$ cat target.txt   # compact mmCIF, C-alpha atoms
# COMPACT_ATOMS: atom_id res chain seq x y z
CA MET A 1 -78.24 -57.43 174.37
CA LYS A 2 -77.08 -59.71 171.64
CA GLU A 3 -76.71 -58.38 168.10
CA LYS A 4 -79.25 -60.84 166.71
CA HIS A 5 -81.86 -59.56 169.18
CA LEU A 6 -81.26 -56.02 167.95
CA TYR A 7 -81.84 -57.12 164.37
CA TYR A 8 -85.00 -58.87 165.49
CA LEU A 9 -86.36 -55.77 167.24
CA ALA A 10 -85.45 -53.58 164.27
CA GLY A 11 -87.39 -55.90 161.98
CA VAL A 12 -90.43 -55.79 164.25
CA PHE A 13 -90.25 -51.98 164.30
CA VAL A 14 -90.12 -51.79 160.51
CA VAL A 15 -93.12 -54.12 160.21
CA LEU A 16 -95.10 -52.05 162.71
CA LEU A 17 -94.15 -48.86 160.87
CA ILE A 18 -95.38 -50.33 157.58
CA ILE A 19 -98.66 -51.44 159.21
CA TYR A 20 -99.11 -47.93 160.64
CA PHE A 21 -98.76 -46.24 157.27
CA ILE A 22 -101.01 -48.79 155.58
CA THR A 23 -103.79 -48.44 158.14
CA LYS A 24 -103.43 -44.67 158.75
CA PRO A 25 -106.74 -42.87 157.98
CA ARG A 26 -106.56 -40.74 154.85
CA HIS A 27 -108.42 -37.51 154.15
CA THR A 28 -110.71 -38.07 151.17
CA THR A 29 -111.67 -35.20 148.85
CA VAL A 30 -115.25 -34.69 147.65
CA ASN A 31 -115.77 -33.69 144.02
CA LEU A 32 -118.81 -31.39 144.13
CA ASP A 33 -119.08 -31.52 140.36
CA GLU A 34 -120.44 -35.04 140.69
CA PHE A 35 -123.40 -33.87 142.78
CA VAL A 36 -126.56 -31.94 141.97
CA GLN A 37 -126.15 -28.40 143.28
CA THR A 38 -127.87 -25.02 143.31
CA ILE A 39 -126.48 -23.03 140.40
CA VAL A 40 -127.08 -19.46 141.63
CA PHE A 41 -126.67 -19.24 145.38
CA GLY A 42 -126.42 -16.33 147.81
CA VAL A 43 -128.93 -14.28 145.78
CA SER A 44 -132.55 -13.61 146.74
CA LYS A 45 -135.34 -12.30 144.55
CA ASP A 46 -135.42 -9.05 146.51
CA ASP A 47 -131.72 -8.46 145.75
CA VAL A 48 -132.39 -8.24 142.01
CA LYS A 49 -133.18 -4.72 140.77
CA SER A 50 -132.36 -5.08 137.07
CA ILE A 51 -132.05 -7.84 134.47
CA ASP A 52 -130.11 -7.59 131.21
CA ILE A 53 -130.72 -10.24 128.53
CA TYR A 54 -128.90 -10.21 125.21
CA LYS A 55 -127.37 -12.27 122.43
CA GLU A 56 -124.19 -11.28 120.67
CA SER A 57 -124.78 -10.23 117.08
CA SER A 58 -122.91 -8.71 114.17
CA GLU A 59 -126.05 -6.85 113.11
CA GLU A 60 -126.51 -3.13 113.82
CA LYS A 61 -129.71 -3.70 115.79
CA PRO A 62 -128.86 -5.27 119.16
CA ILE A 63 -130.64 -8.43 120.28
CA LYS A 64 -131.49 -7.23 123.76
CA MET A 65 -134.19 -7.05 126.42
CA ALA A 66 -133.73 -5.25 129.73
CA PHE A 67 -135.79 -4.79 132.89
CA LYS A 68 -135.42 -2.39 135.80
CA LYS A 69 -137.33 -2.18 139.06
CA VAL A 70 -138.27 1.32 140.20
CA GLU A 71 -139.79 1.31 143.68
CA ASP A 72 -142.27 -1.59 143.44
CA GLN A 73 -142.78 -1.59 139.67
CA TRP A 74 -140.74 -3.42 137.03
CA HIS A 75 -140.26 -1.66 133.69
CA ILE A 76 -139.03 -2.88 130.31
CA THR A 77 -136.36 -0.30 129.51
CA THR A 78 -135.96 -1.62 125.96
CA LYS A 79 -139.71 -1.22 125.22
CA TYR A 80 -140.63 2.45 125.76
CA ASN A 81 -139.86 1.90 129.46
CA CYS A 82 -143.35 0.44 129.73
CA LYS A 83 -144.55 -1.46 132.78
CA ALA A 84 -143.70 -5.15 133.01
CA GLN A 85 -145.94 -7.87 134.41
CA GLU A 86 -144.88 -8.62 137.96
CA SER A 87 -145.95 -12.26 137.62
CA SER A 88 -143.78 -12.88 134.54
CA ILE A 89 -140.69 -11.36 136.17
CA ASP A 90 -141.35 -13.38 139.34
CA ARG A 91 -141.59 -16.63 137.36
CA LEU A 92 -138.32 -15.89 135.58
CA LEU A 93 -136.44 -15.05 138.78
CA GLU A 94 -137.87 -18.00 140.68
CA ALA A 95 -136.83 -20.38 137.88
CA ILE A 96 -133.27 -18.99 137.88
CA LEU A 97 -132.82 -18.96 141.65
CA GLU A 98 -134.37 -22.42 142.15
CA MET A 99 -132.37 -23.93 139.28
CA THR A 100 -130.24 -26.96 140.22
CA GLY A 101 -127.95 -29.17 138.18
CA LYS A 102 -124.59 -30.87 137.86
CA VAL A 103 -121.50 -30.34 135.76
CA ARG A 104 -121.75 -31.90 132.32
CA SER A 105 -118.47 -30.58 130.88
CA SER A 106 -115.40 -28.59 131.95
CA ASP A 107 -113.79 -28.33 128.55
CA PRO A 108 -114.37 -25.34 126.24
CA LYS A 109 -114.15 -27.63 123.23
CA HIS A 110 -117.71 -28.75 124.08
CA PHE A 111 -119.15 -25.19 124.00
CA GLU A 112 -120.32 -25.59 120.42
CA LYS A 113 -121.95 -28.93 121.22
CA TYR A 114 -124.06 -27.27 123.90
CA LYS A 115 -124.42 -24.02 121.89
CA ILE A 116 -123.20 -22.15 124.92
CA SER A 117 -120.24 -20.10 123.71
CA ASP A 118 -120.34 -16.31 124.15
CA GLU A 119 -121.45 -16.01 120.52
CA LEU A 120 -124.06 -18.79 120.43
CA GLY A 121 -125.68 -18.59 123.88
CA VAL A 122 -128.16 -16.16 125.43
CA HIS A 123 -126.63 -13.98 128.14
CA LEU A 124 -128.61 -13.07 131.28
CA ILE A 125 -127.19 -10.81 133.98
CA LEU A 126 -128.88 -10.19 137.33
CA LYS A 127 -127.86 -6.89 138.95
CA ASP A 128 -128.39 -5.26 142.33
CA GLU A 129 -129.49 -1.72 143.17
CA ALA A 130 -125.99 -0.36 142.51
CA ASP A 131 -126.00 -2.02 139.05
CA LYS A 132 -123.44 -4.54 140.27
CA PRO A 133 -123.73 -8.03 138.71
CA LEU A 134 -125.07 -10.69 141.07
CA ALA A 135 -124.96 -13.50 138.49
CA ASN A 136 -123.69 -13.56 134.92
CA LEU A 137 -125.21 -16.53 133.11
CA ILE A 138 -125.07 -17.88 129.57
CA PHE A 139 -127.81 -20.28 128.46
CA GLY A 140 -127.20 -22.83 125.73
CA LYS A 141 -129.47 -25.26 123.97
CA LYS A 142 -132.46 -26.97 125.55
CA GLY A 143 -131.83 -30.22 127.39
CA GLU A 144 -132.77 -33.71 126.35
CA GLU A 145 -136.02 -33.05 128.23
CA GLN A 146 -138.08 -29.98 127.40
CA SER A 147 -137.97 -28.83 131.04
CA ALA A 148 -134.17 -28.88 131.22
CA GLY A 149 -131.27 -26.93 129.75
CA PHE A 150 -127.60 -26.04 129.82
CA VAL A 151 -125.97 -23.06 131.49
CA ARG A 152 -122.54 -21.73 132.38
CA PHE A 153 -121.24 -18.63 134.10
CA GLY A 154 -119.75 -15.88 131.93
CA GLY A 155 -115.97 -16.21 131.82
CA LYS A 156 -116.08 -19.78 133.21
CA GLU A 157 -115.68 -23.11 131.44
CA LYS A 158 -117.95 -25.47 133.37
CA VAL A 159 -121.22 -26.32 131.65
CA TYR A 160 -124.09 -27.38 133.91
CA PHE A 161 -127.03 -29.55 132.95
CA VAL A 162 -129.94 -27.97 134.86
CA ASP A 163 -133.53 -28.81 135.72
CA LYS A 164 -135.02 -25.59 134.30
CA ASN A 165 -135.50 -24.51 130.71
CA ILE A 166 -134.98 -20.76 131.20
CA LEU A 167 -135.25 -20.24 127.45
CA SER A 168 -138.97 -21.06 127.65
CA ASN A 169 -139.38 -18.32 130.28
CA LEU A 170 -137.87 -15.97 127.69
CA SER A 171 -140.27 -17.20 124.96
CA ILE A 172 -137.38 -18.81 123.05
CA HIS A 173 -138.73 -22.06 121.64
CA GLY A 174 -136.44 -22.66 118.69
CA GLU A 175 -132.70 -23.32 118.57
CA VAL A 176 -130.78 -20.86 120.73
CA ASP A 177 -128.13 -20.20 118.10
CA THR A 178 -130.74 -19.02 115.58
CA VAL A 179 -132.28 -16.34 117.84
CA THR A 180 -132.47 -12.99 116.04
CA VAL A 181 -134.95 -11.20 118.31
CA LEU A 182 -135.98 -11.43 121.97
CA LYS A 183 -139.76 -11.38 122.33
CA ASP A 184 -141.04 -9.15 125.12
CA ASN A 185 -144.80 -9.64 124.57
CA SER A 186 -145.22 -12.02 127.50
CA PHE A 187 -143.61 -9.48 129.84
CA ILE A 188 -145.57 -6.34 128.86
CA GLU A 189 -148.21 -5.14 131.32
CA LEU A 190 -151.23 -4.21 129.20
CA GLN A 191 -153.33 -2.99 132.13
CA ALA A 192 -152.93 0.54 130.78
CA VAL A 193 -155.22 2.25 133.30
CA ASP A 194 -155.43 0.97 136.87
CA GLN A 195 -156.93 3.63 139.13
CA ASP A 196 -158.22 3.02 142.64
CA LYS A 197 -161.77 4.40 142.53
CA ASP A 198 -161.87 4.71 146.32
CA GLU A 199 -159.00 7.22 146.13
CA LEU A 200 -160.67 9.43 143.54
CA GLU A 201 -162.77 12.54 144.09
CA ILE A 202 -163.62 13.56 140.52
CA VAL A 203 -163.98 11.55 137.32
CA GLY A 204 -164.74 13.21 134.01
CA LEU A 205 -165.67 11.89 130.59
CA VAL A 206 -165.44 13.98 127.43
CA ALA A 207 -167.17 12.36 124.46
CA ASN A 208 -167.09 14.18 121.13
CA GLY A 209 -166.40 17.38 123.01
CA LYS A 210 -169.38 16.96 125.37
CA GLN A 211 -168.38 16.87 129.03
CA MET A 212 -169.77 14.79 131.89
CA VAL A 213 -168.29 15.08 135.40
CA ILE A 214 -169.12 13.15 138.55
CA LYS A 215 -167.90 14.01 142.04
CA LYS A 216 -167.73 12.09 145.30
CA ILE A 217 -169.39 13.92 148.16
CA GLU A 218 -170.03 13.23 151.81
CA LYS A 219 -173.57 13.49 153.14
CA GLU A 220 -175.45 12.76 156.34
CA VAL A 221 -178.14 10.08 156.26
CA GLU A 222 -180.47 8.80 158.92
CA VAL A 223 -179.83 5.19 159.96
CA VAL A 224 -181.73 2.84 162.24
CA ASN A 225 -179.66 1.45 165.09
CA ASP A 226 -179.89 -2.05 166.59
CA ASP A 227 -182.04 -0.73 169.44
CA SER A 228 -184.55 0.74 166.93
CA THR A 229 -183.43 4.31 167.59
CA THR A 230 -182.22 6.49 164.74
CA SER A 231 -179.06 8.54 164.30
CA MET A 232 -177.28 10.52 161.63
CA GLU A 233 -174.31 8.95 159.85
CA LYS A 234 -171.88 10.28 157.23
CA GLN A 235 -171.77 8.39 153.94
CA THR A 236 -170.16 9.01 150.57
CA ALA A 237 -172.07 9.24 147.32
CA TRP A 238 -171.29 10.12 143.71
CA VAL A 239 -173.19 12.99 142.14
CA LEU A 240 -173.43 14.36 138.60
CA LEU A 241 -172.29 17.98 138.32
CA LYS A 242 -174.63 20.01 136.12
CA GLY A 243 -173.91 23.70 136.39
CA LYS A 244 -174.21 24.45 140.10
CA GLN A 245 -176.40 21.42 140.67
CA GLU A 246 -175.29 18.15 142.25
CA ILE A 247 -177.60 15.41 140.98
CA GLU A 248 -177.42 12.18 142.93
CA LEU A 249 -177.01 9.05 140.81
CA GLU A 250 -177.83 5.41 141.27
CA GLN A 251 -174.68 4.19 143.00
CA LYS A 252 -174.86 0.76 141.37
CA GLU A 253 -174.69 2.43 137.94
CA VAL A 254 -171.84 4.67 139.07
CA ASP A 255 -169.91 1.60 140.22
CA SER A 256 -170.34 0.04 136.78
CA PHE A 257 -169.15 3.22 135.09
CA LEU A 258 -166.13 3.51 137.38
CA GLY A 259 -165.30 -0.15 136.79
CA ASP A 260 -165.15 0.52 133.03
CA VAL A 261 -163.06 3.71 133.12
CA THR A 262 -160.66 3.02 136.00
CA ASN A 263 -159.53 -0.38 134.68
CA ILE A 264 -158.69 -0.27 130.99
CA ARG A 265 -156.77 -3.10 129.38
CA ALA A 266 -155.08 -2.36 126.06
CA GLN A 267 -154.10 -4.64 123.21
CA LYS A 268 -150.61 -3.38 122.54
CA VAL A 269 -148.15 -0.68 123.65
CA ILE A 270 -146.83 1.10 120.57
CA ASP A 271 -145.01 4.28 121.61
CA ARG A 272 -144.04 6.78 124.29
CA ILE A 273 -144.62 10.52 124.04
CA GLY A 274 -142.06 12.59 125.90
CA ASN A 275 -140.70 16.11 125.64
CA SER A 276 -138.00 15.59 123.04
CA LEU A 277 -137.94 17.04 119.55
CA ALA A 278 -138.63 13.58 118.17
CA ASP A 279 -141.98 13.59 120.01
CA LEU A 280 -143.31 16.86 118.58
CA ASN A 281 -145.30 15.30 115.74
CA LYS A 282 -146.62 12.28 117.64
CA ASN A 283 -149.81 13.92 118.88
CA ALA A 284 -150.81 14.67 115.30
CA LYS A 285 -149.70 11.22 114.15
CA TYR A 286 -152.08 9.49 116.59
CA GLY A 287 -154.90 12.07 116.44
CA LEU A 288 -154.30 13.27 120.00
CA GLY A 289 -153.61 16.96 119.37
CA ARG A 290 -157.18 18.22 119.61
CA ALA A 291 -158.67 15.18 121.23
CA ARG A 292 -162.44 15.24 121.75
CA ASN A 293 -162.53 12.02 123.77
CA VAL A 294 -160.88 12.00 127.19
CA VAL A 295 -161.18 10.35 130.60
CA VAL A 296 -160.10 12.50 133.55
CA PHE A 297 -159.19 11.39 137.08
CA LYS A 298 -158.51 13.57 140.11
CA ALA A 299 -157.78 12.57 143.70
CA PRO A 300 -158.25 15.04 146.59
CA GLY A 301 -155.30 17.46 146.51
CA GLY A 302 -153.78 15.64 143.54
CA GLN A 303 -152.99 16.57 139.96
CA GLN A 304 -155.50 15.92 137.20
CA GLN A 305 -154.62 12.75 135.25
CA ASN A 306 -155.80 12.36 131.67
CA VAL A 307 -156.32 9.44 129.33
CA VAL A 308 -156.70 10.76 125.78
CA PHE A 309 -158.23 8.82 122.90
CA GLY A 310 -157.12 9.54 119.36
CA LYS A 311 -158.06 8.38 115.90
CA GLU A 312 -158.68 4.83 114.72
CA TYR A 313 -155.50 2.85 114.12
CA GLU A 314 -157.50 0.63 111.77
CA LYS A 315 -161.07 0.98 110.54
CA ASP A 316 -163.54 -0.68 112.97
CA LYS A 317 -160.65 -2.28 114.89
CA GLY A 318 -159.83 0.24 117.57
CA TYR A 319 -158.28 3.55 118.62
CA PHE A 320 -155.02 5.05 119.79
CA MET A 321 -155.01 5.74 123.54
CA HIS A 322 -152.49 7.96 125.31
CA VAL A 323 -152.18 7.54 129.09
CA GLN A 324 -150.65 10.95 129.66
CA TYR A 325 -149.45 10.38 133.22
CA ASP A 326 -147.46 7.32 132.05
CA GLY A 327 -146.53 8.78 128.68
CA LEU A 328 -147.46 5.58 126.85
CA VAL A 329 -149.51 5.16 123.68
CA TYR A 330 -151.55 1.98 123.21
CA HIS A 331 -153.88 0.26 120.79
CA LEU A 332 -157.32 -0.06 122.40
CA ASN A 333 -159.88 -2.34 120.78
CA LYS A 334 -163.19 -0.90 119.61
CA SER A 335 -165.40 -2.89 121.98
CA THR A 336 -163.57 -1.53 125.05
CA TYR A 337 -163.68 1.99 123.60
CA ASP A 338 -167.45 1.72 122.96
CA LYS A 339 -168.04 0.33 126.46
CA ILE A 340 -166.38 3.40 127.98
CA PHE A 341 -168.03 6.11 125.89
CA LYS A 342 -171.56 4.71 126.00
CA TRP A 343 -171.67 6.16 129.53
CA ALA A 344 -171.61 9.72 128.20
CA GLU A 345 -175.27 9.23 127.22
CA GLU A 346 -176.35 6.57 129.71
CA LEU A 347 -175.00 7.68 133.08
CA PRO A 348 -176.78 11.09 133.23
CA LYS A 349 -180.07 9.17 132.89
CA LYS A 350 -179.34 7.03 135.97
CA THR A 351 -180.45 9.56 138.53
CA LYS A 352 -181.60 8.42 141.94
CA LYS A 353 -185.38 8.30 142.22
$ encode --input "target.txt" --output "structure tokens"
Amino acid sequence: MKEKHLYYLAGVFVVLLIIYFITKPRHTTVNLDEFVQTIVFGVSKDDVKSIDIYKESSEEKPIKMAFKKVEDQWHITTKYNCKAQESSIDRLLEAILEMTGKVRSSDPKHFEKYKISDELGVHLILKDEADKPLANLIFGKKGEEQSAGFVRFGGKEKVYFVDKNILSNLSIHGEVDTVTVLKDNSFIELQAVDQDKDELEIVGLVANGKQMVIKKIEKEVEVVNDDSTTSMEKQTAWVLLKGKQEIELEQKEVDSFLGDVTNIRAQKVIDRIGNSLADLNKNAKYGLGRARNVVVFKAPGGQQQNVVFGKEYEKDKGYFMHVQYDGLVYHLNKSTYDKIFKWAEELPKKTKK
């Protein structure tokens, strides 16, 4: 083959090689930061067993609110370990776990702009049953829209603009960097007494030292069957105990009484009475030491449970109430108190004719 043909073929080869490299498919990379994404993923509501919320502060008193789930009940461990509203916790967790957004910044120099530094932001940590963090979040200022906000992960630099304003779930409505206290009022469960009347056998009411006790009994009654024959059937009824007597009451009136005493909603939780030295004087402080006003509950085979009413916390406003089996002390308004203790006089008159 002639030399010029070789040069010709070499030139063709080079051209083809260039065309190959120009037209060769290239792997393109996708920048996820440019897309809307779920912020907290791989975590379900059932995984979360405790929630710590705090803001860094130089003050002695910490700016903190904490929740812990024991069995099926959430408690506010920073508020006398009182019960928390299930619905409020659910709304908070759902907002966090459904939160989506996209990266707004990856540079720490913008932390102050979004008020999302460790010092300025509000920290929220979700933990599992072993107290291991599932998500460590820091929330900055509210977004341009009231329903939006800014968040980053603790120890990370990316700031996300998200479609949820978690601060509103935490009752933070001002500027995040000015927060000096975390309000827990919207999380407190004020249903102080919540007894299942169908599970009870005895209910007692002591009013000014005078005792009234009702008991659930089982009795046989004659019933008319569909075929017009009669038969004996066991039914339950509530009776008033008076000495050795069992006086049958109007069941409609008993139901009203039980509705008032087994479901008591308080105004405010103010303290917990335990067994420490610091608790020794609390009974006297709230007028509970020699209480003359008490509601008593007892289930078959169970321990007696007492709700003790103390002195007025403010004239004509209401009374202190100690739910002994929970250990919590509440403010109870006067109208609810009066509705309960009117039965001491009224129920014994509602005998079955």
$ residues_around --input "target.txt" --residues "Val70 in chain A" --least-positions-apart "2" --cutoff "10 Å" --atoms "all atoms listed in the file" --output "VMD selection string"
chain A and resid 49 to 50 67 to 68 72 to 75 129
$ residues_near_point --input "target.txt" --point "(-140.3, -17.0, 121.3)" --cutoff "10 Å" --atoms "only C-alpha atoms" --output "PyMOL selection string"
chain A and resi 167-174+179+181-186
$ residues_around --input "target.txt" --residues "Gly243 in chain A" --least-positions-apart "3" --cutoff "12 Å" --atoms "all atoms listed in the file" --output "list in words"
Gln211, Met212, Val213, Ile214, Leu240, Glu246 and Ile247 of chain A
$ residues_around --input "target.txt" --residues "range 284-288 of chain A" --least-positions-apart "6" --cutoff "10 Å" --atoms "all atoms listed in the file" --output "JSON list (two decimals) with C-alpha atoms, in the frame of the given file"
[["chain", "number", "residue", "atom", "x", "y", "z"],
["A", 294, "VAL", "CA", -160.88, 12.00, 127.19],
["A", 308, "VAL", "CA", -156.70, 10.76, 125.78],
["A", 309, "PHE", "CA", -158.23, 8.82, 122.90],
["A", 310, "GLY", "CA", -157.12, 9.54, 119.36],
["A", 311, "LYS", "CA", -158.06, 8.38, 115.90],
["A", 312, "GLU", "CA", -158.68, 4.83, 114.72],
["A", 313, "TYR", "CA", -155.50, 2.85, 114.12],
["A", 319, "TYR", "CA", -158.28, 3.55, 118.62],
["A", 320, "PHE", "CA", -155.02, 5.05, 119.79],
["A", 321, "MET", "CA", -155.01, 5.74, 123.54],
["A", 322, "HIS", "CA", -152.49, 7.96, 125.31],
["A", 329, "VAL", "CA", -149.51, 5.16, 123.68]]
$ atom_distance --input "target.txt" --atom1 "CA of Lys69 in chain A" --atom2 "CA of Val43 in chain A"
16.2 Å
$ closest_residue --input "target.txt" --among "A:Lys45, A:Lys127, A:Arg104, A:Lys132" --to "Asp90 in chain A" --atoms "only C-alpha atoms"
A:Lys45
$ closest_residue --input "target.txt" --among "A:Val269, A:Leu280, A:Val48, A:Val239" --to "Ala84 in chain A" --atoms "only C-alpha atoms"
A:Val269
$ closest_residue --input "target.txt" --among "A:Ala95, A:Glu119, A:Val206, A:Tyr114" --to "Glu56 in chain A" --atoms "all atoms listed in the file"
A:Glu119
$ decode --input "target.txt" --residues "range 110-134 of chain A" --atoms "N, CA and C atoms" --output "CSV table (one decimal), in the first residue's frame"
chain,number,residue,atom,x,y,z
A,110,HIS,N,-24.6,32.5,56.2
A,110,HIS,CA,-26.0,32.9,56.1
A,110,HIS,C,-26.8,32.5,57.3
A,111,PHE,N,-26.2,31.8,58.3
A,111,PHE,CA,-26.9,31.4,59.5
A,111,PHE,C,-27.6,32.5,60.2
A,112,GLU,N,-26.9,33.6,60.3
A,112,GLU,CA,-27.5,34.8,61.1
A,112,GLU,C,-28.7,35.4,60.3
A,113,LYS,N,-28.6,35.4,59.0
A,113,LYS,CA,-29.7,35.9,58.1
A,113,LYS,C,-31.0,35.1,58.4
A,114,TYR,N,-30.8,33.7,58.5
A,114,TYR,CA,-32.0,32.9,58.8
A,114,TYR,C,-32.2,32.6,60.2
A,115,LYS,N,-31.4,33.2,61.1
A,115,LYS,CA,-31.5,33.1,62.6
A,115,LYS,C,-31.6,31.6,62.9
A,116,ILE,N,-30.6,30.9,62.4
A,116,ILE,CA,-30.6,29.4,62.5
A,116,ILE,C,-29.3,28.9,63.0
A,117,SER,N,-28.5,29.7,63.6
A,117,SER,CA,-27.2,29.2,64.2
A,117,SER,C,-27.6,28.5,65.5
A,118,ASP,N,-26.6,27.7,66.1
A,118,ASP,CA,-26.9,27.0,67.3
A,118,ASP,C,-27.4,27.9,68.4
A,119,GLU,N,-26.9,29.2,68.4
A,119,GLU,CA,-27.3,30.1,69.5
A,119,GLU,C,-28.7,30.8,69.3
A,120,LEU,N,-29.0,31.0,68.0
A,120,LEU,CA,-30.2,31.8,67.7
A,120,LEU,C,-31.4,30.9,67.5
A,121,GLY,N,-31.3,29.7,66.9
A,121,GLY,CA,-32.4,28.8,66.6
A,121,GLY,C,-32.9,28.0,67.7
A,122,VAL,N,-34.1,27.4,67.5
A,122,VAL,CA,-34.7,26.5,68.4
A,122,VAL,C,-34.4,25.0,68.1
A,123,HIS,N,-33.8,24.3,69.0
A,123,HIS,CA,-33.4,22.9,68.8
A,123,HIS,C,-34.5,22.0,69.1
A,124,LEU,N,-34.7,20.9,68.2
A,124,LEU,CA,-35.7,19.9,68.5
A,124,LEU,C,-35.1,18.6,68.1
A,125,ILE,N,-35.1,17.7,69.1
A,125,ILE,CA,-34.5,16.3,68.9
A,125,ILE,C,-35.6,15.3,69.1
A,126,LEU,N,-35.7,14.4,68.1
A,126,LEU,CA,-36.6,13.3,68.2
A,126,LEU,C,-35.8,12.1,68.6
A,127,LYS,N,-36.2,11.3,69.6
A,127,LYS,CA,-35.5,10.2,70.1
A,127,LYS,C,-36.3,8.9,70.1
A,128,ASP,N,-35.6,7.8,70.0
A,128,ASP,CA,-36.3,6.5,70.0
A,128,ASP,C,-36.4,5.9,71.4
A,129,GLU,N,-36.8,4.7,71.6
A,129,GLU,CA,-37.1,4.1,72.9
A,129,GLU,C,-35.8,4.0,73.7
A,130,ALA,N,-34.6,3.8,73.0
A,130,ALA,CA,-33.4,3.7,73.7
A,130,ALA,C,-32.7,5.1,73.9
A,131,ASP,N,-33.5,6.2,73.7
A,131,ASP,CA,-33.0,7.5,73.8
A,131,ASP,C,-31.9,7.9,72.8
A,132,LYS,N,-32.0,7.2,71.7
A,132,LYS,CA,-31.1,7.5,70.6
A,132,LYS,C,-31.7,8.5,69.6
A,133,PRO,N,-31.0,9.6,69.3
A,133,PRO,CA,-31.6,10.6,68.4
A,133,PRO,C,-31.9,10.0,67.0
A,134,LEU,N,-33.2,10.3,66.6
A,134,LEU,CA,-33.6,10.0,65.2
A,134,LEU,C,-33.5,11.1,64.3
